[in-house]
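Shown here: work13.cif, mmCIF, C-alpha atoms.
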data_input
#
loop_
_atom_site.label_atom_id
_atom_site.label_comp_id
_atom_site.auth_asym_id
_atom_site.auth_seq_id
_atom_site.Cartn_x
_atom_site.Cartn_y
_atom_site.Cartn_z
CA MET Z 78 9.79 -16.14 -94.61
CA LYS Z 79 12.87 -14.09 -93.75
CA ILE Z 80 11.77 -11.37 -96.20
CA PHE Z 81 8.29 -11.36 -94.65
CA LYS Z 82 9.74 -10.96 -91.15
CA ARG Z 83 11.95 -8.11 -92.30
CA VAL Z 84 9.02 -6.32 -93.92
CA LEU Z 85 6.91 -6.86 -90.80
CA LEU Z 86 9.66 -5.53 -88.55
CA GLY Z 87 10.12 -2.56 -90.86
CA LEU Z 88 6.41 -1.72 -90.72
CA LEU Z 89 6.41 -2.08 -86.94
CA ALA Z 90 9.36 0.29 -86.70
CA VAL Z 91 7.52 2.85 -88.83
CA VAL Z 92 4.45 2.61 -86.58
CA VAL Z 93 6.52 2.98 -83.40
CA VAL Z 94 8.46 5.94 -84.74
CA GLY Z 95 5.25 7.56 -86.01
CA ALA Z 96 3.51 7.07 -82.68
CA ALA Z 97 6.48 8.47 -80.79
CA GLY Z 98 6.57 11.47 -83.10
CA PHE Z 99 2.86 12.09 -82.54
CA VAL Z 100 3.26 11.99 -78.76
CA VAL Z 101 6.18 14.41 -78.90
CA TRP Z 102 4.12 16.77 -81.09
CA ALA Z 103 1.05 16.48 -78.85
CA GLU Z 104 3.02 17.14 -75.68
CA THR Z 105 4.55 20.34 -77.07
CA PRO Z 106 1.43 22.48 -77.54
CA GLN Z 107 1.16 26.17 -78.34
CA GLY Z 108 1.16 28.61 -75.44
CA PRO Z 109 0.61 29.78 -72.88
CA ALA Z 110 1.67 33.38 -73.55
CA PRO Z 111 2.91 35.59 -70.67
CA GLU Z 112 -0.52 37.22 -70.34
CA ALA Z 113 -2.09 33.83 -69.72
CA LEU Z 114 0.51 32.88 -67.13
CA ALA Z 115 -0.19 36.13 -65.28
CA ALA Z 116 -3.91 35.29 -65.23
CA MET Z 117 -3.12 31.93 -63.63
CA LYS Z 118 -2.34 33.74 -60.37
CA SER Z 119 -4.89 34.51 -57.66
CA ASP Z 120 -5.88 38.11 -57.00
CA ALA Z 121 -8.32 40.06 -54.85
CA GLN Z 122 -11.32 38.82 -56.85
CA VAL Z 123 -10.49 35.28 -57.93
CA LYS Z 124 -8.67 32.35 -56.33
CA VAL Z 125 -6.87 30.17 -58.87
CA THR Z 126 -5.99 26.57 -57.96
CA GLN Z 127 -4.11 24.08 -60.10
CA GLY Z 128 -4.09 20.30 -60.08
CA ASN Z 129 -6.07 17.76 -62.07
CA LEU Z 130 -8.39 20.70 -62.69
CA ILE Z 131 -7.61 24.40 -63.03
CA VAL Z 132 -10.23 26.28 -61.05
CA PHE Z 133 -11.11 29.97 -61.02
CA GLN Z 134 -13.14 30.54 -57.86
CA PRO Z 135 -14.72 33.96 -57.27
CA LEU Z 136 -13.91 35.23 -53.79
CA ASN Z 137 -16.43 36.45 -51.24
CA GLN Z 138 -19.21 34.79 -53.23
CA ASN Z 139 -20.98 31.44 -53.28
CA PRO Z 140 -21.55 30.75 -56.96
CA THR Z 141 -24.43 28.50 -57.96
CA THR Z 142 -23.54 28.43 -61.67
CA GLY Z 143 -20.43 26.82 -63.11
CA PHE Z 144 -18.69 26.75 -66.48
CA ILE Z 145 -16.58 23.77 -67.58
CA PHE Z 146 -14.16 24.60 -70.38
CA TYR Z 147 -12.28 22.35 -72.83
CA PRO Z 148 -9.17 23.86 -74.50
CA GLY Z 149 -8.56 23.91 -78.24
CA GLY Z 150 -6.53 21.25 -80.01
CA HIS Z 151 -2.76 21.31 -79.45
CA VAL Z 152 -3.12 24.37 -77.23
CA ALA Z 153 -1.97 24.40 -73.60
CA ALA Z 154 -5.00 24.64 -71.32
CA GLU Z 155 -3.52 27.61 -69.43
CA SER Z 156 -3.70 29.65 -72.65
CA TYR Z 157 -7.35 30.45 -71.87
CA ALA Z 158 -6.69 31.81 -68.39
CA VAL Z 159 -7.21 35.48 -69.28
CA THR Z 160 -10.81 35.11 -70.45
CA LEU Z 161 -11.77 32.45 -67.91
CA HIS Z 162 -10.33 34.47 -65.02
CA GLN Z 163 -12.41 37.46 -66.13
CA ILE Z 164 -15.57 35.35 -66.37
CA ALA Z 165 -15.01 34.19 -62.80
CA THR Z 166 -14.96 37.81 -61.61
CA GLN Z 167 -18.62 37.98 -62.67
CA GLY Z 168 -19.53 35.47 -59.95
CA TYR Z 169 -19.24 32.14 -61.76
CA LEU Z 170 -17.17 29.09 -60.88
CA VAL Z 171 -14.99 28.34 -63.90
CA VAL Z 172 -13.27 24.97 -64.28
CA LEU Z 173 -10.65 24.60 -67.00
CA VAL Z 174 -10.07 20.94 -67.83
CA PRO Z 175 -6.59 19.88 -68.98
CA VAL Z 176 -6.94 17.01 -71.48
CA ARG Z 177 -4.80 14.05 -72.50
CA LEU Z 178 -2.17 14.83 -75.12
CA ASN Z 179 -3.62 18.37 -75.31
CA LEU Z 180 -6.39 17.04 -77.55
CA ALA Z 181 -9.90 16.98 -76.09
CA PHE Z 182 -10.95 14.13 -78.40
CA PHE Z 183 -8.82 11.85 -76.22
CA ASP Z 184 -10.57 13.08 -73.07
CA VAL Z 185 -14.20 13.79 -73.94
CA ASN Z 186 -15.37 12.63 -70.49
CA ALA Z 187 -12.93 14.88 -68.63
CA ALA Z 188 -15.89 16.82 -67.21
CA ASP Z 189 -17.05 13.81 -65.20
CA LYS Z 190 -14.76 14.61 -62.28
CA VAL Z 191 -15.99 18.21 -62.04
CA PHE Z 192 -19.53 17.47 -60.90
CA SER Z 193 -18.55 15.39 -57.89
CA ALA Z 194 -15.96 17.99 -56.87
CA TYR Z 195 -18.54 20.81 -56.78
CA PRO Z 196 -21.90 19.38 -55.66
CA ASN Z 197 -23.21 22.83 -54.57
CA ILE Z 198 -23.32 24.14 -58.14
CA GLN Z 199 -26.93 24.08 -59.29
CA HIS Z 200 -26.50 25.06 -62.95
CA TRP Z 201 -23.76 23.92 -65.27
CA ALA Z 202 -22.65 25.07 -68.70
CA ILE Z 203 -19.93 23.42 -70.72
CA GLY Z 204 -17.96 24.84 -73.60
CA GLY Z 205 -14.72 24.95 -75.47
CA HIS Z 206 -12.64 26.60 -78.13
CA SER Z 207 -12.28 25.07 -81.59
CA LEU Z 208 -11.81 21.27 -81.23
CA GLY Z 209 -12.51 21.70 -77.53
CA GLY Z 210 -16.00 22.89 -78.39
CA VAL Z 211 -16.61 19.80 -80.53
CA ALA Z 212 -15.56 17.57 -77.62
CA ALA Z 213 -17.75 19.57 -75.21
CA ALA Z 214 -20.74 18.96 -77.50
CA LEU Z 215 -20.04 15.22 -77.57
CA TYR Z 216 -20.09 15.25 -73.77
CA ALA Z 217 -23.20 17.42 -73.51
CA GLU Z 218 -25.30 15.28 -75.84
CA LYS Z 219 -24.93 12.36 -73.44
CA HIS Z 220 -25.48 14.37 -70.26
CA PHE Z 221 -28.58 16.49 -70.74
CA ASP Z 222 -29.44 15.67 -67.13
CA LYS Z 223 -26.36 17.58 -65.92
CA ILE Z 224 -25.71 20.25 -68.53
CA ASN Z 225 -27.94 23.32 -68.84
CA GLY Z 226 -26.03 25.09 -71.59
CA ILE Z 227 -23.13 24.90 -74.00
CA ALA Z 228 -20.94 27.74 -75.30
CA PHE Z 229 -19.07 27.28 -78.57
CA TRP Z 230 -16.03 29.51 -78.96
CA ALA Z 231 -15.10 29.55 -82.66
CA SER Z 232 -16.53 26.05 -82.86
CA TYR Z 233 -19.56 23.95 -83.79
CA PRO Z 234 -20.84 20.41 -83.14
CA ALA Z 235 -19.93 17.36 -85.19
CA ASP Z 236 -23.56 16.24 -85.56
CA ALA Z 237 -27.17 17.33 -84.96
CA ALA Z 238 -27.56 15.70 -81.53
CA LEU Z 239 -28.08 19.11 -79.87
CA LYS Z 240 -30.64 20.36 -82.38
CA ASN Z 241 -33.71 19.24 -80.43
CA SER Z 242 -32.06 19.16 -77.02
CA PRO Z 243 -33.34 20.93 -73.88
CA ILE Z 244 -30.10 22.86 -73.27
CA LYS Z 245 -29.37 26.45 -74.24
CA VAL Z 246 -26.67 27.11 -76.82
CA LEU Z 247 -24.33 30.06 -77.42
CA SER Z 248 -22.10 30.34 -80.49
CA ILE Z 249 -19.38 33.01 -80.61
CA TYR Z 250 -17.09 33.46 -83.61
CA GLY Z 251 -15.21 36.17 -85.44
CA THR Z 252 -15.70 37.34 -89.01
CA ASN Z 253 -12.01 36.65 -89.75
CA ASP Z 254 -12.00 33.11 -88.35
CA MET Z 255 -9.86 30.59 -90.23
CA ALA Z 256 -12.92 28.36 -90.81
CA GLY Z 257 -14.66 31.07 -92.84
CA MET Z 258 -18.11 32.54 -92.31
CA ALA Z 259 -19.63 30.01 -94.73
CA LYS Z 260 -18.69 27.14 -92.41
CA PHE Z 261 -20.48 28.71 -89.45
CA ASP Z 262 -23.54 29.42 -91.59
CA GLU Z 263 -23.55 25.83 -92.80
CA THR Z 264 -23.36 24.33 -89.30
CA LYS Z 265 -26.25 26.42 -87.95
CA SER Z 266 -28.51 23.59 -89.17
CA LEU Z 267 -26.98 21.38 -86.45
CA LEU Z 268 -28.01 23.73 -83.63
CA PRO Z 269 -31.35 24.58 -81.98
CA ALA Z 270 -33.47 27.31 -83.57
CA ASP Z 271 -33.10 29.50 -80.47
CA THR Z 272 -29.30 29.37 -80.42
CA GLN Z 273 -27.72 32.70 -79.48
CA TYR Z 274 -25.11 33.92 -81.98
CA VAL Z 275 -22.47 36.53 -81.22
CA VAL Z 276 -20.40 37.50 -84.26
CA ILE Z 277 -17.28 39.50 -83.45
CA GLN Z 278 -16.49 41.92 -86.26
CA GLY Z 279 -12.80 41.62 -87.15
CA GLY Z 280 -12.15 38.82 -84.69
CA ASN Z 281 -10.18 35.74 -85.68
CA HIS Z 282 -9.63 32.22 -84.33
CA GLY Z 283 -6.43 32.54 -82.31
CA GLN Z 284 -7.40 35.56 -80.24
CA PHE Z 285 -9.89 33.47 -78.24
CA GLY Z 286 -6.83 32.43 -76.26
CA ASP Z 287 -3.31 33.63 -75.55
CA TYR Z 288 -0.96 31.20 -77.24
CA GLY Z 289 0.54 33.07 -80.19
CA ALA Z 290 -0.38 33.01 -83.86
CA GLN Z 291 -2.72 30.22 -84.93
CA PRO Z 292 -1.37 28.36 -87.99
CA GLY Z 293 -3.63 28.97 -90.97
CA ASP Z 294 -5.61 31.71 -89.25
CA ASN Z 295 -6.63 35.02 -90.80
CA ALA Z 296 -5.36 38.31 -89.43
CA ALA Z 297 -7.67 40.02 -86.95
CA THR Z 298 -8.61 43.66 -87.47
CA ILE Z 299 -9.34 44.23 -83.78
CA SER Z 300 -7.00 43.78 -80.84
CA ARG Z 301 -6.84 40.61 -78.77
CA GLY Z 302 -8.07 42.59 -75.79
CA ASP Z 303 -11.12 43.90 -77.65
CA GLU Z 304 -12.00 40.44 -78.93
CA GLN Z 305 -11.63 38.82 -75.54
CA LYS Z 306 -13.70 41.55 -73.89
CA GLN Z 307 -16.60 40.64 -76.18
CA ILE Z 308 -16.11 36.92 -75.51
CA VAL Z 309 -16.20 37.47 -71.75
CA ALA Z 310 -19.30 39.68 -71.94
CA ALA Z 311 -21.24 37.25 -74.14
CA THR Z 312 -20.29 34.19 -72.11
CA SER Z 313 -21.07 35.86 -68.79
CA GLN Z 314 -24.48 36.94 -70.05
CA PHE Z 315 -25.13 33.40 -71.25
CA LEU Z 316 -24.22 31.95 -67.86
CA LYS Z 317 -26.61 34.40 -66.27
CA SER Z 318 -29.38 33.18 -68.58
CA ILE Z 319 -28.97 29.52 -67.58
CA SER Z 320 -29.15 30.51 -63.91
CA GLN Z 321 -32.70 31.80 -64.25
#
Show me the file's structure as structure tokens.
Amino acid sequence: MKIFKRVLLGLLAVVVVGAAGFVVWAETPQGPAPEALAAMKSDAQVKVTQGNLIVFQPLNQNPTTGFIFYPGGHVAAESYAVTLHQIATQGYLVVLVPVRLNLAFFDVNAADKVFSAYPNIQHWAIGGHSLGGVAAALYAEKHFDKINGIAFWASYPADAALKNSPIKVLSIYGTNDMAGMAKFDETKSLLPADTQYVVIQGGNHGQFGDYGAQPGDNAATISRGDEQKQIVAATSQFLKSISQ
């Protein structure tokens, strides 16, 4: 009995230490880079507010279309401020959702609080980068009554729940993404036939945000600025399409 108790206590200690180590890892995400921190400040075109939500509100406009964004796994939410700030300048309300432990899988329903906060928005799109896009899809497939579109940034859904859905879908990825082009081709079967694809020549995974080098990623052959310019243009055009 004493040996059993010792073994049990030893296993419990391993679990506690492992859990503590995971929390420490999760709470020390990549980013944000200085460029992202600069984009977290308000300017003449966009008001940025921070709290439970990070909101990019276009000034001197009354947007009727909004974009809810889930960050990638183990990446600080603020790391996407550059692209999201620029999308807001096009006249769209952009809401960046910080998630528990910097992993959207632990906070799939984070978008719930956005709708009640902005009742005047008539059209909503949701999206996310990498694992954030997977979580956004899990949310969208249960809220077709609220979501008009979903934008995958270097991401794809975990199942085929969106395949015959009424919402519009945009998929943006780079040819040098760490997942490989074959993975994106394979997952096209999970998406609607009319999905819009934007393939960024020379773009990689990490340059969708501003948080430093992505472990395991391939080198990009275009600049971060060029890649993000294409991401902003494609996403803004998509948001325009769901407004019509």
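Residue nearest Ala165 (chain Z), chosen from Z:Pro111, Z:Gly209, Z:Gly257, Z:Pro140 and counting only C-alpha atoms: Z:Pro140.
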Report as a tab-separated table (two decimals) with C-alpha atoms, in the coordinates of the input the residues that result from applying the PyMOL selection byres ((chain Z and resi 272) around 6) to the structure here.
chain	number	residue	atom	x	y	z
Z	246	VAL	CA	-26.67	27.11	-76.82
Z	247	LEU	CA	-24.33	30.06	-77.42
Z	269	PRO	CA	-31.35	24.58	-81.98
Z	270	ALA	CA	-33.47	27.31	-83.57
Z	271	ASP	CA	-33.10	29.50	-80.47
Z	273	GLN	CA	-27.72	32.70	-79.48
Problem set entry | Picked residues, the PyMOL selection byres ((chain Z and resi 229-244) around 10), expected as a ChimeraX atom specification | /Z:146,148-149,202-215,217-219,221-228,245-251,254-256,260-261,264-272,274-276,280-283,285,308,312,319
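Put simply, the PyMOL selection byres ((chain Z and resi 170) around 7) on this file hits Z:Phe133, Z:Gln134, Z:Pro135, Z:Pro140, Z:Thr142, Z:Gly143, Z:Phe144, Z:Ala165, Z:Gly168, Z:Tyr169, Z:Val171, Z:Val172.
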For this session: One decimal, Å: what's the distance from CA of Ala113 (chain Z) over to CA of Tyr288 (chain Z), could you say?
Result: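 That distance, rounded to one decimal, is 8.0 Å.
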Let me have the centre and edge lengths of the axis-aligned box enclosing all listed atoms of region 175-181 of chain Z with 5 Å padding on every side, in Å to one decimal, as lines of an AutoDock Vina configuration file.
center_x = -6.0
center_y = 17.0
center_z = -73.3
size_x = 17.7
size_y = 15.8
size_z = 18.6
Problem set entry | Selection near Lys190 (chain Z), 10 Å with only C-alpha atoms, sequence-local residues under 3 positions removed, as a ChimeraX atom specification | /Z:129-130,174,186-187,193-195
For this session: Compile the contact shell of Tyr157 (chain Z) as a ChimeraX atom specification: residues with an atom at most 7 Å away, counting only C-alpha atoms, same-chain residues fewer than 3 positions apart removed.
Result: /Z:113,154,160-161,286-287
